[in-house]
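Report on one structure; see the data block that follows.
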Protein chains: 2
Amino acid sequence: MNKGFIQCLKTCLPAERLLLHEADRLAYGYDNSRLQDLPDAVALPVSADEISQIIHCCRKHQVAIIPRGRGTGTTGATVPIDGGLVISMERMNRILELDPANRVIRAEAGVNNQTIQDAAASAGFFWPPDPTSAAYCSIGGNLAYNSAGPRAVKYGTCRENTLGLKLITGTGETLNCGVYTTKGVVGLDLTRLVIGSEGALGIITEATLKLVPLAQGKRTLKLIYSSMTAAASAVSRIMSQPVIPCALEFMDGNALDIVRAYSRADLPDNAGAMLMVEVDGSEACLDDAVASVAAAAKVDGHVQTQTATTPQEIRALWDTRKALSPSLRKIAPKKINEDVVVPVSHMAELINGLNALSQKYAIPIVNFGHAGNGNIHVNLLVDPDDPHQASVVDTCLDEVFDLVLKLRGTLSGEHGVGIAKRDYVARELGKTEIEIMKGIKRQFDPDNLLNPGKSLPL
Amino acid sequence: MNKGFIQCLKTCLPAERLLLHEADRLAYGYDNSRLQDLPDAVALPVSADEISQIIHCCRKHQVAIIPRGRGTGTTGATVPIDGGLVISMERMNRILELDPANRVIRAEAGVNNQTIQDAAASAGFFWPPDPTSAAYCSIGGNLAYNSAGPRAVKYGTCRENTLGLKLITGTGETLNCGVYTTKGVVGLDLTRLVIGSEGALGIITEATLKLVPLAQGKRTLKLIYSSMTAAASAVSRIMSQPVIPCALEFMDGNALDIVRAYSRADLPDNAGAMLMVEVDGSEACLDDAVASVAAAAKVDGHVQTQTATTPQEIRALWDTRKALSPSLRKIAPKKINEDVVVPVSHMAELINGLNALSQKYAIPIVNFGHAGNGNIHVNLLVDPDDPHQASVVDTCLDEVFDLVLKLRGTLSGEHGVGIAKRDYVARELGKTEIEIMKGIKRQFDPDNLLNPGKSLPL
């Protein structure tokens, strides 16, 4: 590592917030993708000014910058593939303003999602994005990936729930994006351009988030179908009636089989697919909402509907779904988890196609996910030590992505691109689109220092 | 006009869709801003390919391109201030796909908003953006301005209700932005970058719009307050409870006085401000929704609540609000209508400040608008032929904008910048932000041919 660069960093940060020992750096070299590499240094800034100074050092010495939230991402976007400086946002964890009268919370990027939810709840609100990692992940990371979760089907993703951002660009300049109000059309929309850009445009230091009032109550429905085709047609019907669920999750037949085999499952024998639906609202409406969803759910192939009201009943209904992830980990600890999206009406076709690929390549494929958005977590249960599977898995994945794009889908709904999907991006985006995106990046980061080699094809 | 350019255009378009006579061009030189200028030519393309060819001609001959929907904008964004070619999208008016199973409608940019609403309604859906000009304006124009309307308070603006776009850039290239699904995080978010860009990045030729199921029913509340301060505090309280209204409009005391004086108004003597609230949902919920809103609305200074259920009752309640615009036109046909936004909690402070400016400059100021978003239509009732008013109106406007920005607001919520507000933009956006935006524009339009001199400071 360039000595002048380290000297420069030492003028920006006290020694205890500049990690140079290998043992310390090691912890900042991986995320939840199983990819790993060693950064040359790790900075733990406490202010936007510090970040700006750090970036000036990086620019002077042409060192790559890898912004990092809590490392819960699954595509390697925070992995320092060619070394460089990791800037970890963990010390910028202050809530700056809770403003219930305007339904806004303003916070530093390193604040955990759960901390935002707790602060918002104290005033009767929540912030919609709810990734599974909510207890650990930071809002800066959520925004960088445009992370969502089950609630997105009703309440939207980060893009629909963020009013403004502060960003330090690749030239160390501060950029104020967006507004403090729920409408605003002056200038180009930089806020949403930055959301989902995976650290390529700058380091998000602060966010102004739109809050939503907590619903009074919730009901849960567990719906069993004889086939995925039946379940998918129910999803289309549920999404066409006026009561939009606040969660609409599914498990395919293979997923149900696994839960049956490796856990206990309250499932009829002919269960070929399952939907979990939640509706929220004021208590006076919930029975009617359940009735409306349940009526829409009764398509050919519908087997069973169970409804839960109390927290205990709700927990029992979710048992089957919650049993899936531990079971999958047991069978295939090194499984590949994709995150594709297809139009809701093509979900059954996708699942059937995946089953065919599973047979063709002798790789078990198990699917579950956010049915209301057509966002499907495709799990290839591969064992990388199995020579057959290791030799065909890439070809199989290729065909999975081809199928998704043929069905008018997209390669990622919420996990992002990072390194894991970088080389597939050019299948979805055209040359013109990619060139424009690279041109936009150059405006924010003329020296290509911010997370180089990620998100867009090389 | 350059003869070679006209020759080039003639190779792209048949004579009947290339307007060169002054009388024909005149109709394409103005919008709803009272600004006017004469384009050198007007093209009426019927396909994206034609637009691409036309732009190649413009580029070859370095002629400015002014994209135009139906000319209902209020800020002059479609006015050809330095001549050039107007590309009117009126002939690209086909609905390409209505896909209820995926809640999507895909249409050419020249389709009217109302046509989209009618097609969507035939399948039980609507598209949320509902500008007052819905019957006349095109969705391409809506997207270019990020137009909204009353429903935005619950259902969002174009940015929250568009999945993808097709765009022809300033180099004549076709850009596919976005996805056909409700989630998607591959690449940078070009869709929302283009929405609200006022024709500066390209010509929108096609849009994939997200549909929402029509609600079963609706209730309307008319709420009277003794003062704007009381009404504004009710707005904050209404927006904090879980029933988000599908409209939350207001009129200030001056607006009520005008309706009283120039129309008949069903208003108590001590009415100092009025809110109109609509809630929608399933019939089973509406009484409860009304009760929840009505309870939140009862702040100090609350004078009266009236509720309407039948179409006839609803129309009667809206009478006061509907009487305002004709009355204003009667008094001040050349009034200036601004479109500022402040955080909801600062609305009363803004109105009080506007009243002080009204006194200071002896210009009547009347305010109404979308209270739930803090989006206030500030009407300066100026007579440009009055020498006093003509001499102070600019200074007064200056102070209006200063006040808005001091209250953490923005200069436009839905009307956009165009020419009308271009020279004020630098008060809201910093130098760094403006330079980045100009840099982004260069990626789409390297020769600065697309709507030059609009939207961003020169």
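Residues in the structure tokens are numbered from 1 in each chain, the chains being A, B, ... in the order shown, and ligands are numbered from 1 in the order shown.
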
Pull the helix (DSSP H, G or I) assignments for stretch 215-449 of chain A out of DSSP run on the backbone, and list those residues as a PyMOL selection string. chain A and resi 228-240+253-262+283-297+311-331+344-361+371-373+387-406+422-428+431-444

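Applying a distance limit of 6 Å to only C-alpha atoms, the residues of chain A near chain B read Ala101, Asn102, Glu160, Thr181, Thr182, Lys183, Gly184, Val185, Leu188, Asp189, Leu193, Ser197, Pro213, Ala215, Ser236, Ser240, Gln241, Pro242, Cys285, Pro343, Val344, Ser345, Asn373, Ser412, Gly413, Gly416, Gly439, Ile440 and Gln443 of chain A.
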
If we count only C-alpha atoms and set the cut-off at 8 Å, which residues sit around A:Leu248, ignoring sequence neighbours fewer than 3 positions away in its own chain? Please answer as a PDB file with all heavy atoms, in the first residue's frame.
ATOM      1  N   PRO A 150     -41.183  -8.071   2.079  1.00  0.00           N
ATOM      2  CA  PRO A 150     -42.585  -8.424   1.834  1.00  0.00           C
ATOM      3  C   PRO A 150     -43.519  -7.218   1.723  1.00  0.00           C
ATOM      4  O   PRO A 150     -44.444  -7.222   0.915  1.00  0.00           O
ATOM      5  CB  PRO A 150     -42.960  -9.268   3.064  1.00  0.00           C
ATOM      6  CG  PRO A 150     -41.673  -9.755   3.628  1.00  0.00           C
ATOM      7  CD  PRO A 150     -40.625  -8.765   3.246  1.00  0.00           C
ATOM      8  N   VAL A 153     -45.042  -4.951  -1.635  1.00  0.00           N
ATOM      9  CA  VAL A 153     -46.207  -5.176  -2.497  1.00  0.00           C
ATOM     10  C   VAL A 153     -47.279  -4.118  -2.264  1.00  0.00           C
ATOM     11  O   VAL A 153     -47.964  -3.696  -3.192  1.00  0.00           O
ATOM     12  CB  VAL A 153     -46.756  -6.607  -2.304  1.00  0.00           C
ATOM     13  CG1 VAL A 153     -47.292  -6.820  -0.909  1.00  0.00           C
ATOM     14  CG2 VAL A 153     -47.826  -6.931  -3.336  1.00  0.00           C
ATOM     15  N   VAL A 235     -52.832 -15.285  -7.298  1.00  0.00           N
ATOM     16  CA  VAL A 235     -52.068 -14.055  -7.054  1.00  0.00           C
ATOM     17  C   VAL A 235     -52.558 -12.931  -7.965  1.00  0.00           C
ATOM     18  O   VAL A 235     -52.816 -11.807  -7.515  1.00  0.00           O
ATOM     19  CB  VAL A 235     -50.552 -14.295  -7.247  1.00  0.00           C
ATOM     20  CG1 VAL A 235     -49.788 -12.974  -7.204  1.00  0.00           C
ATOM     21  CG2 VAL A 235     -50.014 -15.251  -6.197  1.00  0.00           C
ATOM     22  N   PRO A 245     -52.768  -6.496  -0.394  1.00  0.00           N
ATOM     23  CA  PRO A 245     -52.176  -7.092   0.806  1.00  0.00           C
ATOM     24  C   PRO A 245     -50.879  -6.376   1.191  1.00  0.00           C
ATOM     25  O   PRO A 245     -50.201  -5.819   0.330  1.00  0.00           O
ATOM     26  CB  PRO A 245     -51.858  -8.535   0.369  1.00  0.00           C
ATOM     27  CG  PRO A 245     -52.593  -8.761  -0.903  1.00  0.00           C
ATOM     28  CD  PRO A 245     -52.762  -7.422  -1.545  1.00  0.00           C
ATOM     29  N   LEU A 275     -49.660 -19.937  -0.499  1.00  0.00           N
ATOM     30  CA  LEU A 275     -49.555 -18.479  -0.414  1.00  0.00           C
ATOM     31  C   LEU A 275     -49.767 -18.048   1.028  1.00  0.00           C
ATOM     32  O   LEU A 275     -50.631 -18.593   1.724  1.00  0.00           O
ATOM     33  CB  LEU A 275     -50.618 -17.792  -1.280  1.00  0.00           C
ATOM     34  CG  LEU A 275     -50.620 -18.056  -2.786  1.00  0.00           C
ATOM     35  CD1 LEU A 275     -51.770 -17.274  -3.446  1.00  0.00           C
ATOM     36  CD2 LEU A 275     -49.287 -17.650  -3.404  1.00  0.00           C
ATOM     37  N   MET A 276     -48.981 -17.091   1.476  1.00  0.00           N
ATOM     38  CA  MET A 276     -49.223 -16.433   2.759  1.00  0.00           C
ATOM     39  C   MET A 276     -49.609 -14.989   2.438  1.00  0.00           C
ATOM     40  O   MET A 276     -48.857 -14.279   1.767  1.00  0.00           O
ATOM     41  CB  MET A 276     -47.953 -16.436   3.616  1.00  0.00           C
ATOM     42  CG  MET A 276     -47.475 -17.805   4.044  1.00  0.00           C
ATOM     43  SD  MET A 276     -48.604 -18.658   5.182  1.00  0.00           S
ATOM     44  CE  MET A 276     -48.703 -17.502   6.547  1.00  0.00           C
ATOM     45  N   VAL A 277     -50.772 -14.589   2.921  1.00  0.00           N
ATOM     46  CA  VAL A 277     -51.252 -13.240   2.624  1.00  0.00           C
ATOM     47  C   VAL A 277     -51.494 -12.495   3.921  1.00  0.00           C
ATOM     48  O   VAL A 277     -52.079 -13.068   4.854  1.00  0.00           O
ATOM     49  CB  VAL A 277     -52.575 -13.281   1.820  1.00  0.00           C
ATOM     50  CG1 VAL A 277     -52.971 -11.893   1.349  1.00  0.00           C
ATOM     51  CG2 VAL A 277     -52.465 -14.226   0.640  1.00  0.00           C
ATOM     52  N   GLU A 278     -51.045 -11.262   3.988  1.00  0.00           N
ATOM     53  CA  GLU A 278     -51.402 -10.425   5.136  1.00  0.00           C
ATOM     54  C   GLU A 278     -52.098  -9.163   4.636  1.00  0.00           C
ATOM     55  O   GLU A 278     -51.697  -8.580   3.623  1.00  0.00           O
ATOM     56  CB  GLU A 278     -50.162 -10.064   5.958  1.00  0.00           C
ATOM     57  CG  GLU A 278     -49.542 -11.307   6.603  1.00  0.00           C
ATOM     58  CD  GLU A 278     -48.674 -11.017   7.806  1.00  0.00           C
ATOM     59  OE1 GLU A 278     -47.991  -9.975   7.807  1.00  0.00           O
ATOM     60  OE2 GLU A 278     -48.675 -11.832   8.733  1.00  0.00           O
ATOM     61  N   HIS A 370     -41.664 -13.230  -2.969  1.00  0.00           N
ATOM     62  CA  HIS A 370     -42.677 -12.190  -2.856  1.00  0.00           C
ATOM     63  C   HIS A 370     -43.594 -12.260  -4.074  1.00  0.00           C
ATOM     64  O   HIS A 370     -43.371 -11.582  -5.084  1.00  0.00           O
ATOM     65  CB  HIS A 370     -42.002 -10.834  -2.745  1.00  0.00           C
ATOM     66  CG  HIS A 370     -40.863 -10.807  -1.759  1.00  0.00           C
ATOM     67  ND1 HIS A 370     -41.024 -11.185  -0.445  1.00  0.00           N
ATOM     68  CD2 HIS A 370     -39.558 -10.482  -1.881  1.00  0.00           C
ATOM     69  CE1 HIS A 370     -39.867 -11.077   0.192  1.00  0.00           C
ATOM     70  NE2 HIS A 370     -38.951 -10.656  -0.653  1.00  0.00           N
ATOM     71  N   ALA A 371     -44.637 -13.082  -3.975  1.00  0.00           N
ATOM     72  CA  ALA A 371     -45.485 -13.365  -5.137  1.00  0.00           C
ATOM     73  C   ALA A 371     -46.187 -12.119  -5.658  1.00  0.00           C
ATOM     74  O   ALA A 371     -46.362 -11.965  -6.863  1.00  0.00           O
ATOM     75  CB  ALA A 371     -46.517 -14.429  -4.767  1.00  0.00           C
ATOM     76  N   GLY A 372     -46.585 -11.218  -4.775  1.00  0.00           N
ATOM     77  CA  GLY A 372     -47.323 -10.029  -5.199  1.00  0.00           C
ATOM     78  C   GLY A 372     -46.521  -9.162  -6.153  1.00  0.00           C
ATOM     79  O   GLY A 372     -47.081  -8.436  -6.977  1.00  0.00           O
TER      80      GLY A 372
END

Which of A:Thr162, A:Thr169, A:Asn451, A:Thr320 sits closest to A:Ile54 [using only C-alpha atoms]: A:Thr169

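Separating atom CA of A:Met89 from atom CA of A:Arg70 is a distance of 7.9 Å.
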
So that I can see what lies close to B:Arg17, please list as an mmCIF file with all heavy atoms, in the first residue's frame the residues with an atom at most 7 Å from it, counting only C-alpha atoms and leaving out residues fewer than 4 positions away in the same chain.
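Result file follows (selection37.cif):
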data_model
loop_
_atom_site.group_PDB
_atom_site.id
_atom_site.type_symbol
_atom_site.label_atom_id
_atom_site.label_comp_id
_atom_site.auth_asym_id
_atom_site.auth_seq_id
_atom_site.Cartn_x
_atom_site.Cartn_y
_atom_site.Cartn_z
ATOM 1 N N LEU B 13 -40.693 12.492 -43.126
ATOM 2 C CA LEU B 13 -42.135 12.643 -42.884
ATOM 3 C C LEU B 13 -42.858 12.984 -44.182
ATOM 4 O O LEU B 13 -42.332 13.776 -44.976
ATOM 5 C CB LEU B 13 -42.374 13.811 -41.919
ATOM 6 C CG LEU B 13 -41.957 13.675 -40.471
ATOM 7 C CD1 LEU B 13 -41.874 15.057 -39.839
ATOM 8 C CD2 LEU B 13 -42.957 12.816 -39.715
ATOM 9 N N ALA B 43 -43.229 18.871 -36.517
ATOM 10 C CA ALA B 43 -43.305 17.495 -37.012
ATOM 11 C C ALA B 43 -44.353 16.734 -36.215
ATOM 12 O O ALA B 43 -44.473 16.910 -35.009
ATOM 13 C CB ALA B 43 -41.945 16.812 -36.862
ATOM 14 N N LEU B 44 -45.121 15.903 -36.927
ATOM 15 C CA LEU B 44 -46.144 15.078 -36.276
ATOM 16 C C LEU B 44 -45.825 13.604 -36.542
ATOM 17 O O LEU B 44 -46.486 12.954 -37.347
ATOM 18 C CB LEU B 44 -47.531 15.418 -36.834
ATOM 19 C CG LEU B 44 -47.953 16.898 -36.822
ATOM 20 C CD1 LEU B 44 -49.276 17.083 -37.563
ATOM 21 C CD2 LEU B 44 -48.089 17.407 -35.399
ATOM 22 N N PRO B 45 -44.820 13.079 -35.857
ATOM 23 C CA PRO B 45 -44.403 11.700 -36.139
ATOM 24 C C PRO B 45 -45.442 10.691 -35.669
ATOM 25 O O PRO B 45 -46.267 10.988 -34.798
ATOM 26 C CB PRO B 45 -43.112 11.555 -35.338
ATOM 27 C CG PRO B 45 -43.271 12.517 -34.211
ATOM 28 C CD PRO B 45 -44.035 13.683 -34.778
#

Fewer than 6 positions away in the same chain doesn't count, so skip those; otherwise give me all residues within 10 Å of A:Cys8, counting only C-alpha atoms, as a PDB file with N, CA and C atoms, in the first residue's frame.
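And here's result_10.pdb as it stands now:
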ATOM      1  N   GLN A  53     -12.848  14.471   2.981  1.00  0.00           N
ATOM      2  CA  GLN A  53     -11.373  14.527   3.060  1.00  0.00           C
ATOM      3  C   GLN A  53     -10.747  13.191   2.656  1.00  0.00           C
ATOM      4  N   ILE A  54     -11.350  12.110   3.140  1.00  0.00           N
ATOM      5  CA  ILE A  54     -10.837  10.771   2.804  1.00  0.00           C
ATOM      6  C   ILE A  54     -10.849  10.574   1.289  1.00  0.00           C
ATOM      7  N   HIS A  56     -10.732  12.832  -0.980  1.00  0.00           N
ATOM      8  CA  HIS A  56      -9.659  13.633  -1.591  1.00  0.00           C
ATOM      9  C   HIS A  56      -8.338  12.871  -1.558  1.00  0.00           C
ATOM     10  N   CYS A  57      -8.064  12.185  -0.442  1.00  0.00           N
ATOM     11  CA  CYS A  57      -6.849  11.346  -0.368  1.00  0.00           C
ATOM     12  C   CYS A  57      -6.900  10.237  -1.427  1.00  0.00           C
ATOM     13  N   CYS A  58      -8.059   9.571  -1.512  1.00  0.00           N
ATOM     14  CA  CYS A  58      -8.192   8.461  -2.468  1.00  0.00           C
ATOM     15  C   CYS A  58      -7.973   8.962  -3.884  1.00  0.00           C
ATOM     16  N   LYS A  60      -6.311  11.676  -4.837  1.00  0.00           N
ATOM     17  CA  LYS A  60      -4.915  12.088  -5.042  1.00  0.00           C
ATOM     18  C   LYS A  60      -4.046  10.869  -5.340  1.00  0.00           C
ATOM     19  N   HIS A  61      -4.339   9.782  -4.629  1.00  0.00           N
ATOM     20  CA  HIS A  61      -3.501   8.593  -4.785  1.00  0.00           C
ATOM     21  C   HIS A  61      -4.169   7.517  -5.644  1.00  0.00           C
TER      22      HIS A  61
END

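When atom CA of B:Pro128 is paired with atom CA of B:Glu206, their separation reads 17.6 Å.
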